[in-house]
Structure formats: structure tokens, C-alpha cells
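Just coords-v5.cif here, mmCIF, C-alpha atoms:
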data_upload
#
loop_
_atom_site.group_PDB
_atom_site.id
_atom_site.type_symbol
_atom_site.label_atom_id
_atom_site.label_comp_id
_atom_site.auth_asym_id
_atom_site.auth_seq_id
_atom_site.Cartn_x
_atom_site.Cartn_y
_atom_site.Cartn_z
ATOM 1 C CA MET A 1 43.688 -63.645 -34.393
ATOM 2 C CA ARG A 2 40.169 -64.738 -33.541
ATOM 3 C CA GLU A 3 37.147 -62.676 -34.457
ATOM 4 C CA LEU A 4 35.878 -60.279 -31.793
ATOM 5 C CA PRO A 5 32.491 -61.236 -30.357
ATOM 6 C CA LYS A 6 29.407 -59.011 -30.318
ATOM 7 C CA ASN A 7 28.828 -56.878 -27.216
ATOM 8 C CA LEU A 8 25.734 -57.737 -25.212
ATOM 9 C CA THR A 9 22.896 -55.244 -25.024
ATOM 10 C CA ASP A 10 21.524 -54.071 -21.678
ATOM 11 C CA SER A 11 18.486 -56.258 -22.321
ATOM 12 C CA GLU A 12 20.643 -59.347 -22.960
ATOM 13 C CA ILE A 13 22.629 -58.686 -19.777
ATOM 14 C CA GLN A 14 19.433 -58.313 -17.749
ATOM 15 C CA ASN A 15 18.067 -61.550 -19.235
ATOM 16 C CA ILE A 16 21.164 -63.461 -18.086
ATOM 17 C CA LEU A 17 20.858 -62.036 -14.570
ATOM 18 C CA GLU A 18 17.169 -62.984 -14.407
ATOM 19 C CA THR A 19 17.668 -66.449 -15.921
ATOM 20 C CA TYR A 20 20.675 -67.737 -13.991
ATOM 21 C CA GLU A 21 20.670 -67.607 -10.199
ATOM 22 C CA GLY A 22 23.761 -66.363 -8.398
ATOM 23 C CA TRP A 23 25.085 -64.028 -11.075
ATOM 24 C CA GLU A 24 25.468 -60.296 -10.479
ATOM 25 C CA LEU A 25 26.596 -57.363 -12.552
ATOM 26 C CA ASP A 26 29.504 -55.440 -11.070
ATOM 27 C CA THR A 27 31.706 -52.598 -12.273
ATOM 28 C CA LYS A 28 35.296 -51.719 -11.487
ATOM 29 C CA GLU A 29 36.564 -48.481 -12.957
ATOM 30 C CA THR A 30 35.044 -48.531 -16.466
ATOM 31 C CA ILE A 31 34.697 -52.289 -16.929
ATOM 32 C CA SER A 32 31.444 -54.097 -16.224
ATOM 33 C CA PHE A 33 31.647 -57.797 -15.503
ATOM 34 C CA PHE A 34 29.554 -60.734 -14.384
ATOM 35 C CA ALA A 35 30.339 -61.888 -10.849
ATOM 36 C CA PHE A 36 29.474 -65.206 -9.235
ATOM 37 C CA GLN A 37 30.170 -66.721 -5.826
ATOM 38 C CA LYS A 38 29.328 -70.156 -4.504
ATOM 39 C CA GLU A 39 30.011 -71.849 -1.184
ATOM 40 C CA PHE A 40 30.592 -75.595 -0.905
ATOM 41 C CA LYS A 41 30.666 -78.129 1.919
ATOM 42 C CA ASN A 42 34.466 -78.378 1.835
ATOM 43 C CA PHE A 43 37.623 -77.631 -0.157
ATOM 44 C CA LYS A 44 37.380 -80.828 -2.206
ATOM 45 C CA GLU A 45 33.919 -79.889 -3.552
ATOM 46 C CA ALA A 46 35.070 -76.330 -4.258
ATOM 47 C CA PHE A 47 38.098 -77.601 -6.146
ATOM 48 C CA GLY A 48 35.919 -79.991 -8.151
ATOM 49 C CA PHE A 49 33.822 -76.991 -9.209
ATOM 50 C CA ILE A 50 36.969 -75.105 -10.229
ATOM 51 C CA THR A 51 37.941 -78.085 -12.378
ATOM 52 C CA LYS A 52 34.547 -77.872 -14.090
ATOM 53 C CA LEU A 53 35.193 -74.165 -14.738
ATOM 54 C CA ALA A 54 38.558 -75.016 -16.284
ATOM 55 C CA PHE A 55 37.019 -77.514 -18.714
ATOM 56 C CA ILE A 56 34.376 -75.007 -19.816
ATOM 57 C CA SER A 57 37.029 -72.313 -20.239
ATOM 58 C CA GLU A 58 39.217 -74.531 -22.387
ATOM 59 C CA LYS A 59 36.284 -75.795 -24.468
ATOM 60 C CA LEU A 60 35.119 -72.248 -25.254
ATOM 61 C CA ASP A 61 38.611 -70.669 -25.294
ATOM 62 C CA HIS A 62 37.287 -68.056 -22.885
ATOM 63 C CA HIS A 63 38.659 -67.847 -19.356
ATOM 64 C CA ALA A 64 37.155 -66.405 -16.192
ATOM 65 C CA GLU A 65 39.150 -64.906 -13.354
ATOM 66 C CA ILE A 66 38.735 -67.395 -10.496
ATOM 67 C CA TRP A 67 39.463 -67.149 -6.756
ATOM 68 C CA ASN A 68 39.256 -69.906 -4.176
ATOM 69 C CA GLU A 69 39.215 -69.591 -0.402
ATOM 70 C CA TYR A 70 38.820 -73.017 1.209
ATOM 71 C CA ASN A 71 35.158 -73.828 0.415
ATOM 72 C CA LYS A 72 34.283 -70.644 -1.463
ATOM 73 C CA VAL A 73 34.743 -69.971 -5.167
ATOM 74 C CA ARG A 74 34.381 -66.521 -6.698
ATOM 75 C CA LEU A 75 34.726 -65.614 -10.329
ATOM 76 C CA LYS A 76 34.657 -62.614 -12.593
ATOM 77 C CA LEU A 77 33.818 -62.880 -16.268
ATOM 78 C CA PHE A 78 34.111 -60.414 -19.128
ATOM 79 C CA THR A 79 35.779 -60.329 -22.520
ATOM 80 C CA HIS A 80 39.279 -58.935 -22.088
ATOM 81 C CA GLU A 81 39.788 -58.108 -25.771
ATOM 82 C CA THR A 82 36.856 -55.697 -25.752
ATOM 83 C CA ASN A 83 36.677 -54.803 -22.037
ATOM 84 C CA ALA A 84 32.958 -55.498 -22.284
ATOM 85 C CA LEU A 85 30.368 -58.195 -21.800
ATOM 86 C CA THR A 86 29.956 -60.154 -25.006
ATOM 87 C CA THR A 87 28.409 -63.227 -26.550
ATOM 88 C CA ARG A 88 31.450 -65.183 -25.303
ATOM 89 C CA ASP A 89 30.449 -64.426 -21.719
ATOM 90 C CA LYS A 90 26.852 -65.407 -22.393
ATOM 91 C CA ASP A 91 27.974 -68.703 -23.967
ATOM 92 C CA TRP A 92 30.267 -69.418 -20.995
ATOM 93 C CA ILE A 93 27.547 -68.782 -18.399
ATOM 94 C CA THR A 94 25.015 -70.799 -20.379
ATOM 95 C CA GLN A 95 27.445 -73.728 -20.624
ATOM 96 C CA LEU A 96 28.083 -73.680 -16.867
ATOM 97 C CA MET A 97 24.522 -73.243 -15.703
ATOM 98 C CA GLU A 98 22.905 -75.725 -18.075
ATOM 99 C CA GLU A 99 25.259 -78.653 -17.400
#

Encoded form using C-alpha cells:
Amino acid sequence: MRELPKNLTDSEIQNILETYEGWELDTKETISFFAFQKEFKNFKEAFGFITKLAFISEKLDHHAEIWNEYNKVRLKLFTHETNALTTRDKDWITQLMEE
């Protein structure tokens, strides 16, 4: 079993939201998560982006929930093992946004 990551502080969460455009904080029931949505020119570009998400997820062994509707991609990210936002989520977002 892998080691549980450290939960993010409110300040760390706010820093991510201020640093990386397009990310929002959302809550469903008692779980907070990062949400992101992006629109592309067509399905092919959207699917290419999803492929990029898959490679990041596999590299970091941390997987977002991803939805695709033609040229739109939405995702939700949090650490399932802790039901919280953690350093794994921060690493995932950083990897995506800085590539």
C-alpha cells in the first residue's frame, strides 16, 4: 500500500487557484475537489487533451475523473484515499499546467 499524501492547507489550495487559470474549487456533499473545464476546436483536439491527461495520470499514479462531450473536456480531481485535496493533486495540476 502506498503512503498517504499530505492534505493541502487552505493557503496551498488558494495558491493553486491563483496560479493556474481555469481551475475552480467545488464541493459535493463533504468532499472538496478541483474542477477544470476546457473547450477545443473539435473532438480530435479534445481527445488529444484527454490522452495527455491519461499520460500524466499514469506517470503520477493519480487519476482524475474525466468527462468528454464532443469538444469539451471536464475533470474533477481529489485524492480518493483521503477524500481530500492533497499533494498528489497539486503535483498532478502542476504537471499538466507546466507542460

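Of note, CA of Asn68 (chain A) and CA of Leu4 (chain A) are spaced 29.4 Å apart.
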
Target residues per the PyMOL selection byres ((chain A and resi 44) around 12), formatted as a PDB file with C-alpha atoms, in the coordinates of the input:
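Below is the file out.pdb, written as the result:
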ATOM      1  CA  GLU A  39      30.011 -71.849  -1.184  1.00  0.00           C
ATOM      2  CA  PHE A  40      30.592 -75.595  -0.905  1.00  0.00           C
ATOM      3  CA  LYS A  41      30.666 -78.129   1.919  1.00  0.00           C
ATOM      4  CA  ASN A  42      34.466 -78.378   1.835  1.00  0.00           C
ATOM      5  CA  PHE A  43      37.623 -77.631  -0.157  1.00  0.00           C
ATOM      6  CA  GLU A  45      33.919 -79.889  -3.552  1.00  0.00           C
ATOM      7  CA  ALA A  46      35.070 -76.330  -4.258  1.00  0.00           C
ATOM      8  CA  PHE A  47      38.098 -77.601  -6.146  1.00  0.00           C
ATOM      9  CA  GLY A  48      35.919 -79.991  -8.151  1.00  0.00           C
ATOM     10  CA  PHE A  49      33.822 -76.991  -9.209  1.00  0.00           C
ATOM     11  CA  ILE A  50      36.969 -75.105 -10.229  1.00  0.00           C
ATOM     12  CA  THR A  51      37.941 -78.085 -12.378  1.00  0.00           C
ATOM     13  CA  ASN A  68      39.256 -69.906  -4.176  1.00  0.00           C
ATOM     14  CA  GLU A  69      39.215 -69.591  -0.402  1.00  0.00           C
ATOM     15  CA  TYR A  70      38.820 -73.017   1.209  1.00  0.00           C
ATOM     16  CA  ASN A  71      35.158 -73.828   0.415  1.00  0.00           C
ATOM     17  CA  LYS A  72      34.283 -70.644  -1.463  1.00  0.00           C
ATOM     18  CA  VAL A  73      34.743 -69.971  -5.167  1.00  0.00           C
TER      19      VAL A  73
END

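One finds CA of Ser32 (chain A) at 7.4 Å from CA of Phe78 (chain A).
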
Could you name the residues that touch Glu12 (chain A) at 12 Å or less, counting all atoms listed in the file, but leaving out those on the same chain fewer than 2 positions away, as a ChimeraX atom specification? /A:6-10,14-19,85-87,89-91

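Taking CA of Thr27 (chain A) and CA of Glu58 (chain A) as the two end points, the separation is 25.3 Å.
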
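Listed by chain and then by number, the residues chosen by the PyMOL selection byres ((chain A and resi 75) around 8) in this file are A:Ala35, A:Phe36, A:Gln37, A:Ala64, A:Glu65, A:Ile66, A:Trp67, A:Val73, A:Arg74, A:Lys76, A:Leu77.
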
Please rebuild region 62-73 of chain A with all heavy atoms and give the result as a PDB file, in the coordinates of the input.
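For reference, out29.pdb as written:
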ATOM      1  N   HIS A  62      37.681 -69.293 -23.566  1.00  0.00           N
ATOM      2  CA  HIS A  62      37.287 -68.056 -22.885  1.00  0.00           C
ATOM      3  C   HIS A  62      37.440 -68.322 -21.388  1.00  0.00           C
ATOM      4  O   HIS A  62      36.856 -69.258 -20.862  1.00  0.00           O
ATOM      5  CB  HIS A  62      35.845 -67.698 -23.247  1.00  0.00           C
ATOM      6  CG  HIS A  62      35.415 -66.360 -22.744  1.00  0.00           C
ATOM      7  ND1 HIS A  62      36.128 -65.214 -22.985  1.00  0.00           N
ATOM      8  CD2 HIS A  62      34.335 -65.991 -22.018  1.00  0.00           C
ATOM      9  CE1 HIS A  62      35.496 -64.183 -22.440  1.00  0.00           C
ATOM     10  NE2 HIS A  62      34.407 -64.631 -21.837  1.00  0.00           N
ATOM     11  N   HIS A  63      38.229 -67.512 -20.712  1.00  0.00           N
ATOM     12  CA  HIS A  63      38.659 -67.847 -19.356  1.00  0.00           C
ATOM     13  C   HIS A  63      38.220 -66.797 -18.342  1.00  0.00           C
ATOM     14  O   HIS A  63      38.470 -65.608 -18.522  1.00  0.00           O
ATOM     15  CB  HIS A  63      40.181 -68.010 -19.323  1.00  0.00           C
ATOM     16  CG  HIS A  63      40.635 -69.075 -20.261  1.00  0.00           C
ATOM     17  ND1 HIS A  63      40.813 -68.850 -21.602  1.00  0.00           N
ATOM     18  CD2 HIS A  63      40.898 -70.375 -20.065  1.00  0.00           C
ATOM     19  CE1 HIS A  63      41.192 -69.969 -22.193  1.00  0.00           C
ATOM     20  NE2 HIS A  63      41.244 -70.916 -21.273  1.00  0.00           N
ATOM     21  N   ALA A  64      37.574 -67.271 -17.292  1.00  0.00           N
ATOM     22  CA  ALA A  64      37.155 -66.405 -16.192  1.00  0.00           C
ATOM     23  C   ALA A  64      38.323 -66.176 -15.246  1.00  0.00           C
ATOM     24  O   ALA A  64      39.276 -66.946 -15.218  1.00  0.00           O
ATOM     25  CB  ALA A  64      35.997 -67.065 -15.436  1.00  0.00           C
ATOM     26  N   GLU A  65      38.221 -65.120 -14.456  1.00  0.00           N
ATOM     27  CA  GLU A  65      39.150 -64.906 -13.354  1.00  0.00           C
ATOM     28  C   GLU A  65      38.531 -65.614 -12.158  1.00  0.00           C
ATOM     29  O   GLU A  65      37.370 -65.363 -11.814  1.00  0.00           O
ATOM     30  CB  GLU A  65      39.323 -63.414 -13.095  1.00  0.00           C
ATOM     31  CG  GLU A  65      39.976 -62.700 -14.275  1.00  0.00           C
ATOM     32  CD  GLU A  65      40.139 -61.208 -14.049  1.00  0.00           C
ATOM     33  OE1 GLU A  65      40.103 -60.763 -12.877  1.00  0.00           O
ATOM     34  OE2 GLU A  65      40.305 -60.491 -15.036  1.00  0.00           O
ATOM     35  N   ILE A  66      39.277 -66.519 -11.531  1.00  0.00           N
ATOM     36  CA  ILE A  66      38.735 -67.395 -10.496  1.00  0.00           C
ATOM     37  C   ILE A  66      39.552 -67.263  -9.209  1.00  0.00           C
ATOM     38  O   ILE A  66      40.779 -67.262  -9.247  1.00  0.00           O
ATOM     39  CB  ILE A  66      38.765 -68.860 -10.967  1.00  0.00           C
ATOM     40  CG1 ILE A  66      37.973 -69.019 -12.258  1.00  0.00           C
ATOM     41  CG2 ILE A  66      38.235 -69.795  -9.889  1.00  0.00           C
ATOM     42  CD1 ILE A  66      38.198 -70.346 -12.964  1.00  0.00           C
ATOM     43  N   TRP A  67      38.832 -67.178  -8.062  1.00  0.00           N
ATOM     44  CA  TRP A  67      39.463 -67.149  -6.756  1.00  0.00           C
ATOM     45  C   TRP A  67      38.864 -68.254  -5.902  1.00  0.00           C
ATOM     46  O   TRP A  67      37.670 -68.536  -5.970  1.00  0.00           O
ATOM     47  CB  TRP A  67      39.215 -65.821  -6.044  1.00  0.00           C
ATOM     48  CG  TRP A  67      39.840 -64.654  -6.711  1.00  0.00           C
ATOM     49  CD1 TRP A  67      41.068 -64.122  -6.464  1.00  0.00           C
ATOM     50  CD2 TRP A  67      39.256 -63.849  -7.743  1.00  0.00           C
ATOM     51  NE1 TRP A  67      41.282 -63.039  -7.277  1.00  0.00           N
ATOM     52  CE2 TRP A  67      40.184 -62.848  -8.085  1.00  0.00           C
ATOM     53  CE3 TRP A  67      38.044 -63.873  -8.417  1.00  0.00           C
ATOM     54  CZ2 TRP A  67      39.941 -61.890  -9.056  1.00  0.00           C
ATOM     55  CZ3 TRP A  67      37.793 -62.930  -9.398  1.00  0.00           C
ATOM     56  CH2 TRP A  67      38.742 -61.951  -9.693  1.00  0.00           C
ATOM     57  N   ASN A  68      39.707 -68.845  -5.075  1.00  0.00           N
ATOM     58  CA  ASN A  68      39.256 -69.906  -4.176  1.00  0.00           C
ATOM     59  C   ASN A  68      39.756 -69.619  -2.768  1.00  0.00           C
ATOM     60  O   ASN A  68      40.918 -69.316  -2.561  1.00  0.00           O
ATOM     61  CB  ASN A  68      39.775 -71.259  -4.678  1.00  0.00           C
ATOM     62  CG  ASN A  68      39.566 -72.372  -3.687  1.00  0.00           C
ATOM     63  OD1 ASN A  68      40.522 -72.985  -3.262  1.00  0.00           O
ATOM     64  ND2 ASN A  68      38.340 -72.649  -3.327  1.00  0.00           N
ATOM     65  N   GLU A  69      38.852 -69.713  -1.808  1.00  0.00           N
ATOM     66  CA  GLU A  69      39.215 -69.591  -0.402  1.00  0.00           C
ATOM     67  C   GLU A  69      38.525 -70.741   0.331  1.00  0.00           C
ATOM     68  O   GLU A  69      37.318 -70.700   0.579  1.00  0.00           O
ATOM     69  CB  GLU A  69      38.745 -68.247   0.164  1.00  0.00           C
ATOM     70  CG  GLU A  69      39.118 -68.049   1.600  1.00  0.00           C
ATOM     71  CD  GLU A  69      38.587 -66.721   2.132  1.00  0.00           C
ATOM     72  OE1 GLU A  69      38.403 -65.777   1.359  1.00  0.00           O
ATOM     73  OE2 GLU A  69      38.345 -66.658   3.349  1.00  0.00           O
ATOM     74  N   TYR A  70      39.286 -71.775   0.596  1.00  0.00           N
ATOM     75  CA  TYR A  70      38.820 -73.017   1.209  1.00  0.00           C
ATOM     76  C   TYR A  70      37.575 -73.554   0.507  1.00  0.00           C
ATOM     77  O   TYR A  70      37.675 -74.215  -0.509  1.00  0.00           O
ATOM     78  CB  TYR A  70      38.609 -72.875   2.714  1.00  0.00           C
ATOM     79  CG  TYR A  70      38.152 -74.176   3.345  1.00  0.00           C
ATOM     80  CD1 TYR A  70      38.953 -75.315   3.312  1.00  0.00           C
ATOM     81  CD2 TYR A  70      36.895 -74.286   3.909  1.00  0.00           C
ATOM     82  CE1 TYR A  70      38.516 -76.527   3.852  1.00  0.00           C
ATOM     83  CE2 TYR A  70      36.454 -75.483   4.457  1.00  0.00           C
ATOM     84  CZ  TYR A  70      37.261 -76.598   4.419  1.00  0.00           C
ATOM     85  OH  TYR A  70      36.834 -77.779   4.939  1.00  0.00           O
ATOM     86  N   ASN A  71      36.372 -73.262   1.005  1.00  0.00           N
ATOM     87  CA  ASN A  71      35.158 -73.828   0.415  1.00  0.00           C
ATOM     88  C   ASN A  71      34.364 -72.820  -0.405  1.00  0.00           C
ATOM     89  O   ASN A  71      33.228 -73.082  -0.780  1.00  0.00           O
ATOM     90  CB  ASN A  71      34.263 -74.421   1.510  1.00  0.00           C
ATOM     91  CG  ASN A  71      33.690 -73.359   2.432  1.00  0.00           C
ATOM     92  OD1 ASN A  71      34.275 -72.296   2.617  1.00  0.00           O
ATOM     93  ND2 ASN A  71      32.553 -73.652   3.025  1.00  0.00           N
ATOM     94  N   LYS A  72      34.961 -71.688  -0.691  1.00  0.00           N
ATOM     95  CA  LYS A  72      34.283 -70.644  -1.463  1.00  0.00           C
ATOM     96  C   LYS A  72      35.001 -70.418  -2.792  1.00  0.00           C
ATOM     97  O   LYS A  72      36.227 -70.369  -2.845  1.00  0.00           O
ATOM     98  CB  LYS A  72      34.254 -69.326  -0.689  1.00  0.00           C
ATOM     99  CG  LYS A  72      33.435 -69.401   0.570  1.00  0.00           C
ATOM    100  CD  LYS A  72      33.487 -68.096   1.315  1.00  0.00           C
ATOM    101  CE  LYS A  72      32.832 -68.272   2.662  1.00  0.00           C
ATOM    102  NZ  LYS A  72      33.604 -67.732   3.740  1.00  0.00           N
ATOM    103  N   VAL A  73      34.207 -70.275  -3.841  1.00  0.00           N
ATOM    104  CA  VAL A  73      34.743 -69.971  -5.167  1.00  0.00           C
ATOM    105  C   VAL A  73      34.069 -68.698  -5.658  1.00  0.00           C
ATOM    106  O   VAL A  73      32.850 -68.578  -5.617  1.00  0.00           O
ATOM    107  CB  VAL A  73      34.486 -71.127  -6.168  1.00  0.00           C
ATOM    108  CG1 VAL A  73      34.976 -70.748  -7.560  1.00  0.00           C
ATOM    109  CG2 VAL A  73      35.147 -72.404  -5.681  1.00  0.00           C
TER     110      VAL A  73
END
